[in-house]
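Encoded as structure tokens, the structure appears first; notes follow it.
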Amino acid sequence: MSEEMRKSDPPRPWGTTTIIGKRIPRVDAYERVSGSAVYPSDVTFPDMLYGAVLRCPWPNARVVSVDTSDAEKVEGVYAVISGRTPEADILWPYSKEISMKLFDPVCRYEGEPVAAVAAATPYQAWDAALAVKAQYERLPFLADERKALDDGAPRVHEIGNRVTPIQTYERGNIERGFAEADVVLEETYRTECEIHTPMELHGCVAKWERDRLTIWESTQGVYAVQSKVAEVLGLPLSKVRVIGHYMGGAFGSKLQPGKYTIIAALLAKITARPVKLFLTREETFLAVGNRPPANMRIRAGVKRDGRLTALHFSDLGTGGAYPAGGTAFVDWLAKDLYACPNVKTELSDVYINAGPSRPFRAPGHPQGAWALEQMMDALAEAIKMDPVEMRLKNIPLHSQARQGNPPYTTTGLRECLVEGAKAFKWQEARQRAKESRHHSHLCRGVGAASALWVVGSGRPPSTVLVKLFADGSANLNMGASDIGTGTKTVMAMVVAEELGVKPEAIQIENADTGTTQYATPSGGSKTVPTEAPAVRAASLSVKEQLLALAAQDLKTEASALALRDGEIISAADSSKRIKISDVTGLKEQGVLVGIGYRGPNPADKITCPFSAQFCEVEVDTKTGEVKILRFLGTNESGRVMDALTYDNQVFGGITMGIGLAMTEARVLDVAQTGKMLNRNWHDYKIPTALDVPPEMVSVPLNLPDAEANTTGAKGLGEPVTIPTAAAVANAIYNATGVRVTTSCMTPVHLCELFARTKQTGKEKKEG
Amino acid sequence: MKKKDTPDEDITKRGLTRRQFLTTMGVGTAAVAVSGSRPGHAAEEEAVIKAGEMTRITLNINGRRHRLMVEPRWSLLFLLRERLGLTGTKVGCERGECGACTVLINDVPRYACLTLAVEAEGARITTVEGLMKGEELGPVQQAFLEEDAFQCGYCTPGQIMTIEGLLRTKPDPAVDEIRTAMGGNLCRCGTYTHILNAAKRAAALKRKAGGA
């Protein structure tokens, strides 16, 4: 069966669809709104213990001693472990190059685990964790990446503070490009470090049955957790079962397990009890990922007709104390978003004594967009051209940054800009904003920015099972996690489209390494374009088998039959029909099982999603307060699968982008202690309901990409957040004439800039 | 390590003053701020509370009486989730910042993480499970379903309880009143636009059903 499916031609793209593309509420909405969905943090067992982790309070310190004797005496304590516990003296492979211990004797960032306990209640666990007496030798620390390459800067690792040599990319000849330009501008930009803070804390419940380990983990990928846990604990994959039916958000920070996963497993092993270990909110600010800060510089050249001639882009970034992609993809938009013959980029990734990064929704892209899209705005002004029009002069049809300049399967960048501007009434809004100025301290402005996401095409592998039961109802079995994007719903819609059952009537098993099929983690906007074609293939396999069985009953050829509303009907003779539940072969067999695999992507083409966003702001130039009045997002992500969850994703991405733009910034005490100063949601503010514009509009461009995959869908989750912060910055510039090059745009920051601009009169940008 | 796990036995006399307890719990001033009746400088004179000491309380949760033994320091959140299995109420920060643990106490939305279980005695506590009529969703839950007012769903029970609480006191709120009411509930997926739509729909559903 499987070999047949692999070999047979891929199915043709859908024509008219009956379910795909509709606004359909989620198939698991009932569970989520009733409180009956069991998230990993909800899992409890009668004999379960609670874990807590003592973490290093310093950014760089050697652990001199750990005295657990008092902690062991605390009421309700079952186990205390540290680097001196034989079972816990194991390696934690950070990357291919760097390995450290689970409880490493050198803590290179604040929040490194030093000891852990298991106790009958979390209160007792914390009593005990705080009773562990750890002594540290504090070492010189480095908390500002901008000083990492200074002479005499403290070294995070003995080899020095560079993670890799400067990574350089070059095409064409930038000096020639700048010589051809009519206008050349140069500017530096910075985005601050952002913390994921998903609502469900990072953690798991670990439970052993002798040598078999089961972990309920809040994760984006159960198989990714399984493989790392098996590797670290030296277990066969078959002895590690990871379950994550529901999970409360991640945005890239739960693509992998954490040290906490291993600690929970060890505590459970030592105590012979299930152990629940979820971090506190404060710990999640320190130790489970972030979006790296970016220090960018762009020099850009443009002709009077709006065509770019050269781009020179550089970034200094940091993934913290370990190799974690501190500059990953920050230059991608500079290299690939606009047609430009001469481009050079340089990336410097350095270590600092801070928590390691993890991928954060569209890694590198919002940072790069912050710089590039503000520069595009400045160039347009310099040549007196509408900024949307200037972007339209530079639409690429090829992925220029890739080897061989391959064409895109489709590119909706032009449509995003044109349709978005139309729906937003861009021209009128720009004119209105212009007229509103100089009348008062309240200034209106509009801004636009666009984006692509480097991947979003999906790719193999994926294996999916679809089962058809004898009564015509169905079961969908896939390993992929639904991280809140509606994966289960979209996949049920695919089955429903092919088999004619209602989406809500499909039983779904997912995200369990013990019972569901292999899938890569849900992330990178690749889940729909990866899994949906596999689900479609599995559904078609079931349909093919069903029609073959029905053909025997109807004494006709299977090729003459169609499946419609629970019946198999002959196209030529509609009196030849049979209900699914009456098909003899199915009744005898009990179930039909279809296996679907994700086929390869087109060989010589690239598939990317595109987006453009438009916003209108009102800035109070006296207080520095910004009201974002409205936002509009246009997306070209191929086929729209579920129009309802699609819009939700668009609004969510914009909302998260508003956080990067307006309020979010990790603050490290660079001078005195190196510690993080805003490790909670009070001091690190993420958008609330009051920060979201009253008017939010999603303009989905339903342009099925026939070459991308058999469903025509591309990814959506990342492109929706890439241009947001830049669009707001452009709108603020439009309103005030002040270019804000450093995030985030708090009233304090803006007031300083406004005051400085007033003083210097002509100065229009941050100095 | 070889301790008995029945915390009511008098094994360790590890006493904590109330001030130490608050510090230990990492809630500091926030916890003090909610217990407004406490005098400002009384910490030194307060009685010593033993960590393992259990108190008998009776709580009214979703219309049922529960007789329970609790440590005085246990939050209502911990009790609901880890002792009673009412895991619809979620844990997001345990410091009154996110609203994932929002429940109704006498119809008013309150953070269960900042409410001690012993404080809740004598009050009517309603959790998201208490909005169900058997297996049927309540109107606010139904509205959240129809408007797709969530993504990962983890903040959702708290958001639902906040809207429920709002509509119990104000059946026909203005948009700005809804937005203000929502201000204490974080949603990192950023679904506020759909939550606002759901709140409006919930108000309509409730009116149709004949009020709260």
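Chain lettering (A, B, ...) mirrors the order of the structure tokens, residue numbering begins at 1 for each chain separately, and ligand numbering begins at 1 in order of display.
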
Within 7 Å of chain A: residues of chain B, using only C-alpha atoms, as an MDAnalysis selection string: chainID B and resid 1 3:5 7 12 87:88 92:93 97 128:129 137 141 145:146 148 151:157 179:180 182:183 186 188:192

For the residues selected in the previous step, produce a file with C-alpha atoms as a compact mmCIF listing (two decimals), in the first residue's frame.
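Dumped to out-v8.txt:
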```txt
# COMPACT_ATOMS: atom_id res chain seq x y z
CA MET B 1 14.67 12.05 52.68
CA LYS B 3 10.00 11.72 55.78
CA LYS B 4 6.43 10.64 56.08
CA ASP B 5 4.31 12.41 53.54
CA PRO B 7 1.97 16.84 56.43
CA THR B 12 9.47 19.25 61.62
CA THR B 87 -8.08 21.88 36.07
CA GLY B 88 -10.16 24.16 33.89
CA GLY B 92 -0.01 31.22 34.32
CA CYS B 93 2.06 33.30 36.72
CA GLU B 97 -0.44 39.30 36.38
CA VAL B 128 -15.27 27.42 34.25
CA GLU B 129 -16.62 23.94 34.95
CA LEU B 137 -21.80 24.87 27.22
CA GLN B 141 -18.45 29.40 26.36
CA LEU B 145 -16.54 28.58 20.41
CA GLU B 146 -18.46 30.30 17.63
CA ASP B 148 -12.97 31.30 17.59
CA GLN B 151 -5.87 29.75 19.87
CA CYS B 152 -3.91 27.58 22.27
CA GLY B 153 -6.82 27.84 24.70
CA TYR B 154 -4.78 28.08 27.86
CA CYS B 155 -5.89 31.57 28.92
CA THR B 156 -9.41 30.84 27.70
CA PRO B 157 -11.14 29.66 30.89
CA ARG B 179 -12.12 46.07 26.68
CA THR B 180 -11.44 47.45 30.14
CA MET B 182 -10.57 42.21 29.54
CA GLY B 183 -7.52 44.24 30.57
CA LEU B 186 -3.38 38.16 29.05
CA ARG B 188 -0.10 35.60 24.30
CA CYS B 189 -1.63 34.19 21.10
CA GLY B 190 -3.18 37.64 20.74
CA THR B 191 -6.80 36.66 20.20
CA TYR B 192 -8.24 39.77 21.85
```

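Using only C-alpha atoms, the protein and nucleic acid residues lying no more than 8 Å from Tyr94 of chain A, apart from those fewer than 5 places from it along its own chain, are Ser99, Met100, Tyr322 and Pro323 of chain A.
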
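Residues within 7 Å of segment 580-583 of chain A, counting only C-alpha atoms and excluding same-chain residues fewer than 6 positions away, are Ala470, Asp471, Gly472, Leu549, Ala550, Asp553, Gly566, Glu567 and Ile568 of chain A.
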
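Of note, atom CA of Lys303 of chain A and atom CA of Ala179 of chain A are spaced 10.4 Å apart.
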
Which of segment 635-751 of chain A DSSP labels helix (DSSP H, G or I), written as a PyMOL selection string: chain A and resi 643-662+689-691+724-736+747-751

Resulting file, chosen residues, C-alpha atoms, as a PDB file, in the first residue's frame:
```pdb
ATOM      1  CA  ALA A 643     -11.057  31.278   6.919  1.00  0.00           C
ATOM      2  CA  LEU A 644     -12.022  31.651  10.592  1.00  0.00           C
ATOM      3  CA  THR A 645      -8.784  30.400  12.146  1.00  0.00           C
ATOM      4  CA  TYR A 646      -6.881  32.208   9.363  1.00  0.00           C
ATOM      5  CA  ASP A 647      -8.164  35.618  10.478  1.00  0.00           C
ATOM      6  CA  ASN A 648      -7.453  34.714  14.093  1.00  0.00           C
ATOM      7  CA  GLN A 649      -3.853  33.942  13.161  1.00  0.00           C
ATOM      8  CA  VAL A 650      -3.499  37.260  11.330  1.00  0.00           C
ATOM      9  CA  PHE A 651      -4.798  39.262  14.295  1.00  0.00           C
ATOM     10  CA  GLY A 652      -2.647  37.280  16.707  1.00  0.00           C
ATOM     11  CA  GLY A 653       0.486  37.923  14.677  1.00  0.00           C
ATOM     12  CA  ILE A 654      -0.219  41.637  14.526  1.00  0.00           C
ATOM     13  CA  THR A 655      -0.869  41.712  18.262  1.00  0.00           C
ATOM     14  CA  MET A 656       2.432  40.001  18.998  1.00  0.00           C
ATOM     15  CA  GLY A 657       4.194  42.406  16.624  1.00  0.00           C
ATOM     16  CA  ILE A 658       2.689  45.323  18.517  1.00  0.00           C
ATOM     17  CA  GLY A 659       4.420  43.928  21.608  1.00  0.00           C
ATOM     18  CA  LEU A 660       7.806  44.017  19.884  1.00  0.00           C
ATOM     19  CA  ALA A 661       7.084  47.512  18.616  1.00  0.00           C
ATOM     20  CA  MET A 662       5.702  49.131  21.731  1.00  0.00           C
ATOM     21  CA  ALA A 689      -6.804  43.827  25.176  1.00  0.00           C
ATOM     22  CA  LEU A 690      -6.341  47.575  25.606  1.00  0.00           C
ATOM     23  CA  ASP A 691      -3.253  47.646  23.383  1.00  0.00           C
ATOM     24  CA  THR A 724       4.108  44.695  12.215  1.00  0.00           C
ATOM     25  CA  ALA A 725       6.692  46.559  14.274  1.00  0.00           C
ATOM     26  CA  ALA A 726       8.195  48.237  11.215  1.00  0.00           C
ATOM     27  CA  ALA A 727       4.748  49.317  10.013  1.00  0.00           C
ATOM     28  CA  VAL A 728       4.099  51.006  13.380  1.00  0.00           C
ATOM     29  CA  ALA A 729       7.497  52.734  13.308  1.00  0.00           C
ATOM     30  CA  ASN A 730       6.782  54.000   9.800  1.00  0.00           C
ATOM     31  CA  ALA A 731       3.399  55.298  10.916  1.00  0.00           C
ATOM     32  CA  ILE A 732       4.973  57.112  13.865  1.00  0.00           C
ATOM     33  CA  TYR A 733       7.505  58.693  11.516  1.00  0.00           C
ATOM     34  CA  ASN A 734       4.692  59.685   9.180  1.00  0.00           C
ATOM     35  CA  ALA A 735       2.874  61.275  12.102  1.00  0.00           C
ATOM     36  CA  THR A 736       5.780  63.066  13.753  1.00  0.00           C
ATOM     37  CA  PRO A 747       6.236  56.917  25.884  1.00  0.00           C
ATOM     38  CA  VAL A 748       9.501  57.411  27.774  1.00  0.00           C
ATOM     39  CA  HIS A 749      11.583  56.617  24.716  1.00  0.00           C
ATOM     40  CA  LEU A 750       9.446  58.681  22.355  1.00  0.00           C
ATOM     41  CA  CYS A 751       9.320  61.691  24.697  1.00  0.00           C
TER      42      CYS A 751
END
```
